[in-house]
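Chemist: Let me give you the structure first, and then I'll get to my questions.
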Amino acid sequence: MTPLARSSYRVVVVGAGILGLYTAVHLARAGVGPVLVVDRGFLSSGASGRNGGGVRQQWETRATIRLARESVEAYRAFGREFGYNIWFRQSGYLFLAETAAELARLRGVHDLVVSEGLASEVLDAGGVAALVPGIAPDACVGGTYLGSDGTLYPFPAVWGVYEAARALGVEVALGVEALGVDATGGHVASVTTSAGRVATSVVVNAAGGWSSEFSRRAGLEVPNVATRHEIFATEPMKPFLDPMVVRVSDGLYFSQTMRGEIVGGVTVRNGSGIEQGMPSSPRFLTEMARAIVRLVPRLGSLGVLRAWSGFYDDTPDGFPVIGEDPRLPGFVHANGFGGHGFMLAPAASRRVARAAMGEPVDLDPATCSPGRFLSSDRPRSAERLQLG
Amino acid sequence: MAGAPERHVLFDRSPRNVRPGETLLGALARDGWPALQRSIRYHRPRGPYCGVGHCTGCLVRVNGRPNVRACRYEPGNGDVVATENAWPSPRFDVLGVLDFLFPNGIDTLHGFRRPAWATGFYHRVVRRLAGYGAAPDPSAGAPSTAPPVRRTVDVALIGAGVAGRALAAQLADAGRPVVAIDRTLHPPTVPWADLLPRTTITFLPAPAASGDARFTLLGFEEPGRGVAIRARTVVVATGGYDAPLWFGGNDRPGVVTAEGALALSAPDGRVPFERAVVFGGGPRVADVLERCGDAVAAIVAPGVVEPEVVRRASELDIPLYPRSLVLYASGRSHVRSLTVRSRGLGPRFTLACDAVVLAHRRLPTPQLFFQAGARMEWRGGTGAYYPWLAESCETSIPGLFALGETAAILPDGGTDAAARVAAAILGRPLPEGAPPARVPADGLPEIDGYYRELAREPRAGRWVACPCEDVLLEEVEAAHRAGYRGIEVVKRYSGLGTGLCQGRYCLPDALLLLSRLEARPPTDVGYITQRPPVVPTPLAAFAALAEPAPEAPVP
């Protein structure tokens, strides 16, 4: 293992996924001083290298819509900013409703999205069929569509922020695990890693599915739960499907990538915890195949190429956790994104960097702060459109 | 010969006949080397390569269904077969110009970012180029509407080759029934077992913690019927495959693995080539000479040539070129010659040929062991991963056994290994004596020294590291220069190993390359996670298995 370059850093970021690396870029650009990013795995080994690349702005709360909208603008400019082409294709997200009740819920989302200035549309079954060639008759009663949502190719986004961070002098130590946090006088003083102990006054927990484990290593109980979600890709085909399709009832989602593969998943209860590792299951493969073939029967002869899985980092109210933990000053959370960290990373990382620098964050504490779970009051709102 | 009677199909609108027992590829090969595909990125001419359903060289559209492998497809009467991904035809494709326009490759990682207003245009063009076939026709539907095969068995044997058959015989003697599952379209019957032919097990998850039949095997019967088998004991004897080789123009039509050459040969021994150069010096070369020795013009070997091959070659009057490096193949739409240099400081020379048959290295098929979570170990003798085995040939997972080539057991030890597995299954004492000899664990394969020497040669022609995704060797090296380390990251960076063959025809050589570039052992370079399914499995086959399985007692 390569030893770390310094014994002391201004900020230590745990997790070299998209969020941790983006945060490191913002910190380095702000000139805070030496920044270290550690990750126990290889680059893109976590959810940043395992997601389906969806980026959407259709959400049930204004807080999430605004973060998503800002991220869409950032991803549009990614190629110019970071030198890598992430093939961000704004070909829409289509939410499918199978019942009138589901459609009513989607109408509510639509009204909120429109009030935020985005051009969402409500579609009837015919409108849906025009966007999904070969959809089974009676497969849905309608849906909503937002054309500026889209999909991107996650890997080059990781390479882009990784190289930008390194060019700015950030040290990225891969294969190095963060083992614990030591505090003196109630404030973060050092981080113990598998490559030695380093002094720092700020540590950022951007460890994705592993975040609750790391919080506990720092002595902080958190409600985050890692849930394993599975995904598959088919053999590539010529262009067939433009939008990302998401079904409200069972969380079925799929899109056709730039490479021509259909990539998607469906909600299967796999239990929680990182101990289970990241295997694939027969149940997912068969249920996902059944769901997609019932919806678009002509895809039946298409081959499943590969399946894999990764962790969502879920919170009780569906909102992420961004900001300094009131119980341990210097410990900054950047986790709990519930499977949507990649799409929100550009906007979220700006807030994380501000929190790490001790600056105020322009987010409603009721929907993002670590402290919201500490009071016995129930959270006032919740983001429940945790699909796709 | 088994199989359907003579059938008539339309191939690109012209009628063809398919003889009993022939695959579509076999039928097409009777009229010469079939030109069926273009490569995915540069539209380079491609032809059949592997012959066993993994590569992209023989994908065709059949009755409105894309990506049908001609080497694995037995046509029905009246089938409509069309080539895809080329216009007007794979032999002459307008987009073949891409290969000349981008001599240094197309950089999709950094390119196509400017001007910003052209983004939509780039997206449309690049999407059009991606993919092999068009989406299935609305009328195509599922390839098979037959209900899935569901069985609950005592012993499931995956692979009914030499090793598997030896085990089936021994268990039959003791009265234990075996269900044998084999990918081959027409395997010879296994007298002592219940045989499921044309059936590929594509997913063997880690077994359940308890229960009577702890293992679940998922897969499909060609062309698309779902198969689910529950078993108490599983024996994997899936054998191996013929390895690829990197050189200039290594993806040219006419370059095939030994299995590819055998798939192109008719039952009477006729092959669509006359002057093949065979690369290799061991028993696999002897197999090729046995089937089509008359069509072999030269034997080029990376090292020494084994006496048995020397004897056969001298009978057939075939010249031998031992200890040689293959530099490049010439010929655009089909290989015309192969340029070779003797190792050391030997001379460079060119051999005229119309095929290059790769028979130098056999690799195992470890995917099911990886999926099941068995403990794996690297064996330097071949440069590949195999399951760790107890003396009974049981893997680290109780009830999961390995036999034959995929277990690293050398051919001489096959019967002894089968006896050990049989004894373990029957609860009898293991046979006396040392366990059967396996592929050496230490050292590096012969091909590693070969590649190290080849790396010092100037390169000519395109070196296609990953033919499925058209990833050039330079792109893999560029990933290394950019600071990316380890096979998992280089795979994600370059696209290497993400295509239809799931890395079979790039990963083994890429591991040795990265080991050299990163100056660390191949085991430190890592290994690409072997994800299910082992081969692309039709959605309809998996979908049919989603219904809950009726409970059945283990026989």
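Quick note on naming: the chains in the structure tokens go A, B, ... in the order shown, residues restart at 1 in each chain, and ligands are numbered from 1 in order of appearance.
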At a cut-off of 6 Å, which residues of chain B touch chain A? Count only C-alpha atoms and give the answer as a PyMOL selection string.
Modeler: chain B and resi 109-110+113+127+130-136+138+141-143+531-533+536-540+542-543+545-546
Chemist: Tell me which protein, DNA and RNA residues are within 10 Å of Asp124 in chain A, counting only C-alpha atoms, leaving out same-chain ones fewer than 4 positions away, and put them as a VMD selection string.
Modeler: chain A and resid 96 to 97 103 128 to 129 140 to 144
Chemist: Just to be explicit: take each residue in the selection above, keep C-alpha atoms, and write the result as a PDB file, in the first residue's frame.
Modeler:
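result-v1.pdb was written with the following content:
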ATOM      1  CA  LEU A  96     -46.241   5.249 -15.706  1.00  0.00           C
ATOM      2  CA  ALA A  97     -49.449   4.993 -13.714  1.00  0.00           C
ATOM      3  CA  LEU A 103     -52.149   8.994 -11.975  1.00  0.00           C
ATOM      4  CA  VAL A 128     -47.381   6.884 -23.352  1.00  0.00           C
ATOM      5  CA  ALA A 129     -47.639   4.393 -26.219  1.00  0.00           C
ATOM      6  CA  CYS A 140     -51.090   1.851 -18.090  1.00  0.00           C
ATOM      7  CA  VAL A 141     -53.731   4.561 -17.777  1.00  0.00           C
ATOM      8  CA  GLY A 142     -51.290   7.377 -18.393  1.00  0.00           C
ATOM      9  CA  GLY A 143     -48.252   9.060 -16.995  1.00  0.00           C
ATOM     10  CA  THR A 144     -46.121  12.133 -16.729  1.00  0.00           C
TER      11      THR A 144
END
Chemist: Out of range 136-237 of chain B, which residues get strand (DSSP E) from DSSP, as an MDAnalysis selection string?
Modeler: chainID B and resid 149:158 178:181 194:196 199:203 215:221 225:236
Chemist: Can you list, as a list in words, every protein, DNA or RNA residue that comes within 9 Å of range 481-484 of chain B when you count only C-alpha atoms, leaving out same-chain residues fewer than 3 positions away?
Modeler: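 Using only C-alpha atoms, the neighbours found are Leu43 and Glu163 of chain A; Val476, Glu477, Ala478, Val489, Val490 and Tyr493 of chain B.
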Chemist: Keeping only N, CA and C atoms, write those residues as a tab-separated table (two decimals), in the first residue's frame.
Modeler:
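Result file follows (again-v6.tsv):
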chain	number	residue	atom	x	y	z
A	43	LEU	N	-11.65	2.72	-7.74
A	43	LEU	CA	-12.46	3.80	-8.28
A	43	LEU	C	-13.69	3.22	-8.99
A	163	GLU	N	-9.88	13.09	-11.99
A	163	GLU	CA	-8.70	13.74	-12.56
A	163	GLU	C	-8.65	15.22	-12.18
B	476	VAL	N	-6.26	0.52	-24.13
B	476	VAL	CA	-5.99	-0.10	-22.84
B	476	VAL	C	-4.71	0.49	-22.26
B	477	GLU	N	-3.71	0.66	-23.12
B	477	GLU	CA	-2.46	1.26	-22.65
B	477	GLU	C	-2.66	2.71	-22.24
B	478	ALA	N	-3.56	3.41	-22.94
B	478	ALA	CA	-3.84	4.81	-22.59
B	478	ALA	C	-4.47	4.90	-21.20
B	489	VAL	N	-10.95	-1.38	-13.05
B	489	VAL	CA	-11.01	0.04	-13.41
B	489	VAL	C	-10.69	0.21	-14.89
B	490	VAL	N	-9.68	-0.50	-15.37
B	490	VAL	CA	-9.32	-0.39	-16.79
B	490	VAL	C	-10.49	-0.87	-17.66
B	493	TYR	N	-12.93	1.95	-17.71
B	493	TYR	CA	-12.39	3.11	-18.41
B	493	TYR	C	-12.39	2.88	-19.93
Chemist: Excluding range 184-195 of chain A and its own-chain neighbours fewer than 4 positions away, which residues fall within 12 Å of it when counting only C-alpha atoms? Please give them as a PDB file with N, CA and C atoms, in the first residue's frame.
Modeler:
ATOM      1  N   MET A   1       0.848  -1.199   0.000  1.00  0.00           N
ATOM      2  CA  MET A   1       0.000   0.000   0.000  1.00  0.00           C
ATOM      3  C   MET A   1       0.879   1.242   0.000  1.00  0.00           C
ATOM      4  N   THR A   2       0.574   2.193  -0.879  1.00  0.00           N
ATOM      5  CA  THR A   2       1.349   3.431  -0.921  1.00  0.00           C
ATOM      6  C   THR A   2       1.070   4.240   0.349  1.00  0.00           C
ATOM      7  N   PRO A   3       2.100   4.713   1.024  1.00  0.00           N
ATOM      8  CA  PRO A   3       1.830   5.514   2.221  1.00  0.00           C
ATOM      9  C   PRO A   3       1.216   6.859   1.840  1.00  0.00           C
ATOM     10  N   LEU A   4       0.497   7.440   2.778  1.00  0.00           N
ATOM     11  CA  LEU A   4      -0.110   8.741   2.521  1.00  0.00           C
ATOM     12  C   LEU A   4       0.983   9.807   2.482  1.00  0.00           C
ATOM     13  N   ALA A   5       0.749  10.854   1.693  1.00  0.00           N
ATOM     14  CA  ALA A   5       1.781  11.864   1.465  1.00  0.00           C
ATOM     15  C   ALA A   5       2.003  12.738   2.696  1.00  0.00           C
ATOM     16  N   ARG A   6       0.973  12.946   3.511  1.00  0.00           N
ATOM     17  CA  ARG A   6       1.098  13.879   4.641  1.00  0.00           C
ATOM     18  C   ARG A   6       0.581  13.210   5.910  1.00  0.00           C
ATOM     19  N   SER A   7       0.877  13.824   7.018  1.00  0.00           N
ATOM     20  CA  SER A   7       0.344  13.318   8.281  1.00  0.00           C
ATOM     21  C   SER A   7      -0.815  14.186   8.764  1.00  0.00           C
ATOM     22  N   SER A   8      -1.101  15.250   8.047  1.00  0.00           N
ATOM     23  CA  SER A   8      -2.155  16.163   8.477  1.00  0.00           C
ATOM     24  C   SER A   8      -2.842  16.761   7.250  1.00  0.00           C
ATOM     25  N   TYR A   9      -4.173  16.823   7.282  1.00  0.00           N
ATOM     26  CA  TYR A   9      -4.946  17.368   6.166  1.00  0.00           C
ATOM     27  C   TYR A   9      -5.978  18.339   6.701  1.00  0.00           C
ATOM     28  N   ARG A  10      -6.361  19.283   5.864  1.00  0.00           N
ATOM     29  CA  ARG A  10      -7.412  20.216   6.261  1.00  0.00           C
ATOM     30  C   ARG A  10      -8.746  19.473   6.330  1.00  0.00           C
ATOM     31  N   VAL A  11      -9.024  18.655   5.273  1.00  0.00           N
ATOM     32  CA  VAL A  11     -10.269  17.891   5.214  1.00  0.00           C
ATOM     33  C   VAL A  11      -9.949  16.471   4.760  1.00  0.00           C
ATOM     34  N   VAL A  12     -10.576  15.502   5.386  1.00  0.00           N
ATOM     35  CA  VAL A  12     -10.499  14.115   4.917  1.00  0.00           C
ATOM     36  C   VAL A  12     -11.895  13.707   4.452  1.00  0.00           C
ATOM     37  N   VAL A  13     -12.006  13.293   3.188  1.00  0.00           N
ATOM     38  CA  VAL A  13     -13.278  12.837   2.638  1.00  0.00           C
ATOM     39  C   VAL A  13     -13.251  11.316   2.597  1.00  0.00           C
ATOM     40  N   VAL A  14     -14.258  10.681   3.155  1.00  0.00           N
ATOM     41  CA  VAL A  14     -14.335   9.221   3.145  1.00  0.00           C
ATOM     42  C   VAL A  14     -15.303   8.806   2.045  1.00  0.00           C
ATOM     43  N   LEU A  36      -7.628  15.121   1.535  1.00  0.00           N
ATOM     44  CA  LEU A  36      -7.385  13.688   1.300  1.00  0.00           C
ATOM     45  C   LEU A  36      -8.736  13.007   1.069  1.00  0.00           C
ATOM     46  N   VAL A  37      -8.811  12.182   0.025  1.00  0.00           N
ATOM     47  CA  VAL A  37      -9.991  11.348  -0.195  1.00  0.00           C
ATOM     48  C   VAL A  37      -9.551   9.902  -0.044  1.00  0.00           C
ATOM     49  N   VAL A  38     -10.199   9.147   0.831  1.00  0.00           N
ATOM     50  CA  VAL A  38      -9.854   7.719   0.959  1.00  0.00           C
ATOM     51  C   VAL A  38     -11.062   6.882   0.538  1.00  0.00           C
ATOM     52  N   ASP A  39     -10.750   5.706  -0.017  1.00  0.00           N
ATOM     53  CA  ASP A  39     -11.816   4.766  -0.376  1.00  0.00           C
ATOM     54  C   ASP A  39     -11.274   3.368  -0.213  1.00  0.00           C
ATOM     55  N   ARG A  40     -12.046   2.514   0.394  1.00  0.00           N
ATOM     56  CA  ARG A  40     -11.536   1.169   0.644  1.00  0.00           C
ATOM     57  C   ARG A  40     -11.508   0.332  -0.637  1.00  0.00           C
ATOM     58  N   ALA A 173      -6.539   8.384  -2.167  1.00  0.00           N
ATOM     59  CA  ALA A 173      -5.907   7.136  -1.752  1.00  0.00           C
ATOM     60  C   ALA A 173      -6.920   6.007  -1.899  1.00  0.00           C
ATOM     61  N   LEU A 174      -6.730   5.171  -2.926  1.00  0.00           N
ATOM     62  CA  LEU A 174      -7.650   4.064  -3.181  1.00  0.00           C
ATOM     63  C   LEU A 174      -7.134   2.820  -2.467  1.00  0.00           C
ATOM     64  N   GLY A 175      -8.047   1.981  -2.040  1.00  0.00           N
ATOM     65  CA  GLY A 175      -7.655   0.799  -1.287  1.00  0.00           C
ATOM     66  C   GLY A 175      -7.292   1.141   0.153  1.00  0.00           C
ATOM     67  N   VAL A 176      -7.655   2.304   0.604  1.00  0.00           N
ATOM     68  CA  VAL A 176      -7.381   2.735   1.981  1.00  0.00           C
ATOM     69  C   VAL A 176      -8.713   2.904   2.709  1.00  0.00           C
ATOM     70  N   GLU A 177      -8.845   2.226   3.827  1.00  0.00           N
ATOM     71  CA  GLU A 177     -10.116   2.237   4.549  1.00  0.00           C
ATOM     72  C   GLU A 177     -10.050   3.185   5.747  1.00  0.00           C
ATOM     73  N   ALA A 178     -11.139   3.930   5.937  1.00  0.00           N
ATOM     74  CA  ALA A 178     -11.227   4.795   7.112  1.00  0.00           C
ATOM     75  C   ALA A 178     -11.771   3.967   8.267  1.00  0.00           C
ATOM     76  N   LEU A 179     -10.961   3.847   9.330  1.00  0.00           N
ATOM     77  CA  LEU A 179     -11.310   2.911  10.404  1.00  0.00           C
ATOM     78  C   LEU A 179     -11.981   3.580  11.579  1.00  0.00           C
ATOM     79  N   GLY A 180     -11.735   4.875  11.773  1.00  0.00           N
ATOM     80  CA  GLY A 180     -12.344   5.525  12.922  1.00  0.00           C
ATOM     81  C   GLY A 180     -11.984   6.994  12.986  1.00  0.00           C
ATOM     82  N   ALA A 199      -4.003  13.636  11.040  1.00  0.00           N
ATOM     83  CA  ALA A 199      -4.671  14.706  11.776  1.00  0.00           C
ATOM     84  C   ALA A 199      -5.549  15.501  10.825  1.00  0.00           C
ATOM     85  N   THR A 200      -6.743  15.856  11.278  1.00  0.00           N
ATOM     86  CA  THR A 200      -7.641  16.698  10.493  1.00  0.00           C
ATOM     87  C   THR A 200      -8.709  17.235  11.424  1.00  0.00           C
ATOM     88  N   SER A 201      -9.273  18.383  11.075  1.00  0.00           N
ATOM     89  CA  SER A 201     -10.364  18.903  11.913  1.00  0.00           C
ATOM     90  C   SER A 201     -11.716  18.697  11.253  1.00  0.00           C
ATOM     91  N   VAL A 202     -11.700  18.248   9.982  1.00  0.00           N
ATOM     92  CA  VAL A 202     -12.967  18.024   9.283  1.00  0.00           C
ATOM     93  C   VAL A 202     -12.927  16.678   8.569  1.00  0.00           C
ATOM     94  N   VAL A 203     -13.936  15.859   8.782  1.00  0.00           N
ATOM     95  CA  VAL A 203     -14.057  14.619   8.022  1.00  0.00           C
ATOM     96  C   VAL A 203     -15.447  14.592   7.393  1.00  0.00           C
ATOM     97  N   VAL A 204     -15.479  14.234   6.099  1.00  0.00           N
ATOM     98  CA  VAL A 204     -16.741  14.190   5.360  1.00  0.00           C
ATOM     99  C   VAL A 204     -17.108  12.732   5.118  1.00  0.00           C
ATOM    100  N   ASN A 205     -18.288  12.331   5.549  1.00  0.00           N
ATOM    101  CA  ASN A 205     -18.728  10.945   5.356  1.00  0.00           C
ATOM    102  C   ASN A 205     -19.552  10.851   4.073  1.00  0.00           C
ATOM    103  N   PHE A 214     -19.510   3.839   8.899  1.00  0.00           N
ATOM    104  CA  PHE A 214     -18.452   4.788   9.248  1.00  0.00           C
ATOM    105  C   PHE A 214     -18.928   5.759  10.336  1.00  0.00           C
ATOM    106  N   ARG A 217     -18.524   4.078  13.490  1.00  0.00           N
ATOM    107  CA  ARG A 217     -17.108   4.019  13.888  1.00  0.00           C
ATOM    108  C   ARG A 217     -16.675   5.339  14.551  1.00  0.00           C
ATOM    109  N   ALA A 218     -17.409   6.404  14.225  1.00  0.00           N
ATOM    110  CA  ALA A 218     -17.122   7.694  14.867  1.00  0.00           C
ATOM    111  C   ALA A 218     -17.981   7.879  16.110  1.00  0.00           C
ATOM    112  N   GLY A 219     -18.720   6.837  16.490  1.00  0.00           N
ATOM    113  CA  GLY A 219     -19.529   6.901  17.696  1.00  0.00           C
ATOM    114  C   GLY A 219     -20.874   7.571  17.495  1.00  0.00           C
ATOM    115  N   GLU A 324     -23.081  19.304   9.048  1.00  0.00           N
ATOM    116  CA  GLU A 324     -22.273  18.906  10.197  1.00  0.00           C
ATOM    117  C   GLU A 324     -23.152  18.252  11.266  1.00  0.00           C
ATOM    118  N   ASP A 325     -22.628  17.196  11.846  1.00  0.00           N
ATOM    119  CA  ASP A 325     -23.380  16.502  12.892  1.00  0.00           C
ATOM    120  C   ASP A 325     -23.309  17.310  14.186  1.00  0.00           C
ATOM    121  N   PRO A 326     -24.451  17.701  14.762  1.00  0.00           N
ATOM    122  CA  PRO A 326     -24.395  18.535  15.966  1.00  0.00           C
ATOM    123  C   PRO A 326     -23.727  17.839  17.146  1.00  0.00           C
ATOM    124  N   ARG A 327     -23.664  16.509  17.114  1.00  0.00           N
ATOM    125  CA  ARG A 327     -23.066  15.783  18.234  1.00  0.00           C
ATOM    126  C   ARG A 327     -21.548  15.764  18.169  1.00  0.00           C
ATOM    127  N   LEU A 328     -20.998  15.967  16.952  1.00  0.00           N
ATOM    128  CA  LEU A 328     -19.544  15.890  16.791  1.00  0.00           C
ATOM    129  C   LEU A 328     -19.097  16.959  15.788  1.00  0.00           C
ATOM    130  N   PRO A 329     -18.809  18.147  16.245  1.00  0.00           N
ATOM    131  CA  PRO A 329     -18.372  19.195  15.320  1.00  0.00           C
ATOM    132  C   PRO A 329     -17.161  18.734  14.512  1.00  0.00           C
ATOM    133  N   GLY A 330     -17.174  19.049  13.232  1.00  0.00           N
ATOM    134  CA  GLY A 330     -16.110  18.609  12.337  1.00  0.00           C
ATOM    135  C   GLY A 330     -16.479  17.354  11.558  1.00  0.00           C
ATOM    136  N   PHE A 331     -17.557  16.668  11.959  1.00  0.00           N
ATOM    137  CA  PHE A 331     -18.006  15.460  11.234  1.00  0.00           C
ATOM    138  C   PHE A 331     -19.157  15.872  10.319  1.00  0.00           C
ATOM    139  N   VAL A 332     -18.898  15.872   9.024  1.00  0.00           N
ATOM    140  CA  VAL A 332     -19.876  16.363   8.051  1.00  0.00           C
ATOM    141  C   VAL A 332     -20.482  15.188   7.293  1.00  0.00           C
ATOM    142  N   ALA A 356     -18.423  21.758   5.059  1.00  0.00           N
ATOM    143  CA  ALA A 356     -17.086  21.358   5.501  1.00  0.00           C
ATOM    144  C   ALA A 356     -16.223  22.569   5.802  1.00  0.00           C
TER     145      ALA A 356
END
Chemist: Run DSSP on the backbone and give me the residues of range 282-508 of chain B it puts in helix (DSSP H, G or I), as a PyMOL selection string.
Modeler: chain B and resi 283-295+307-316+367-372+404-407+411-426+446-454+473-481+487-494+507-508
Chemist: With a distance cut-off of 7 Å and only C-alpha atoms, select the neighbouring residues of Thr339 in chain B, excluding the residue or stretch itself and same-chain residues fewer than 3 positions from it, and output the selection as a PyMOL selection string.
Modeler: chain B and resi 326-329+349-351
Chemist: Convert the current residue selection to file output with N, CA and C atoms, as a CSV table (one decimal), in the first residue's frame.
Modeler:
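That gives us result.csv:
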chain,number,residue,atom,x,y,z
B,326,VAL,N,3.8,-14.1,-33.9
B,326,VAL,CA,2.9,-13.6,-34.9
B,326,VAL,C,2.8,-12.1,-34.9
B,327,LEU,N,3.2,-11.4,-35.9
B,327,LEU,CA,3.3,-10.0,-35.9
B,327,LEU,C,2.0,-9.3,-36.4
B,328,TYR,N,1.6,-9.7,-37.6
B,328,TYR,CA,0.3,-9.1,-38.1
B,328,TYR,C,-0.2,-10.0,-39.3
B,329,ALA,N,-1.5,-9.8,-39.5
B,329,ALA,CA,-2.2,-10.5,-40.6
B,329,ALA,C,-2.5,-9.4,-41.6
B,349,PHE,N,9.3,-13.3,-41.7
B,349,PHE,CA,8.8,-13.9,-43.0
B,349,PHE,C,7.3,-13.9,-43.0
B,350,THR,N,6.8,-14.0,-44.2
B,350,THR,CA,5.4,-14.0,-44.4
B,350,THR,C,4.8,-15.2,-45.0
B,351,LEU,N,3.7,-15.7,-44.5
B,351,LEU,CA,3.1,-17.0,-44.9
B,351,LEU,C,1.8,-16.7,-45.6
